[in-house]
Amino acid sequence: MAGSTLEEVVYEGYGSGGVAILCEVLTDNRNRTAGEIRKIFELSDGKLGGSGCVAWMFDNKGLFLIPAGAIEEEKLMELALEAGADDVQRIGDKFEITCDPTLYRDVTKAAGDAGIAPEASQITPHCKEHGRHQRAGGRSKRLLRLMEKLDDHDDVQNVSANFNIPDDVLKALGK
């Protein structure tokens, strides 16, 4: 819209079972967007919270997803840690690399120099402690539906949460 000012806003809330959810939004109408996001939470058994209610559980981190077939795990670990990455974990058929946001470019360059093309890479809120991740279990379908509805909203740029869904449950849900 010509002449409108875009605002960055972070909405925080809880999904089913108290799962912490952060939504990074870019909007030209904060009041309209707040109402729409609140409605999405409510229709999905969640609740929009106040500022700071879940943000304390997250830190901004550089995040890279590398297909597991692209490189051997030891080689990737060495490459990533030398570039300043905090951690490299194999999760399913991908490697997840995390780093401090100030080292994001260094890790990106190291991957590029090694001929590795990340499937995804971004600076994003990341749950501080794995112990804070909640196992979704029977709430998986509702939580995924909430995450998808939030992600589909035109103003939402990024959605982060602190839940894990076991691989067998994901497979059963067709994800």
# chains A, B, ... in the order shown; residues from 1 in each chain; ligands from 1

$ residues_around --residues "Val88 in chain A" --least-positions-apart "4" --cutoff "10 Å" --atoms "only C-alpha atoms" --output "PyMOL selection string"
chain A and resi 64-65+73-74+76-78+80-81+95-99

$ atom_distance --atom1 "CA of Glu148 in chain A" --atom2 "CA of Ala20 in chain A"
15.1 Å

$ select_by_dssp --residues "range 68-123 of chain A" --states "alpha helix (DSSP H)" --output "NGL selection string"
:A and (73-83 or 104-113)

$ closest_residue --among "A:Leu26, A:Leu79, A:Ile21, A:Leu63" --to "Gly50 in chain A" --atoms "only C-alpha atoms"
A:Ile21

$ closest_residue --among "A:Ala117, A:Val10, A:Val107, A:Ala161" --to "Gly52 in chain A" --atoms "only C-alpha atoms"
A:Val10
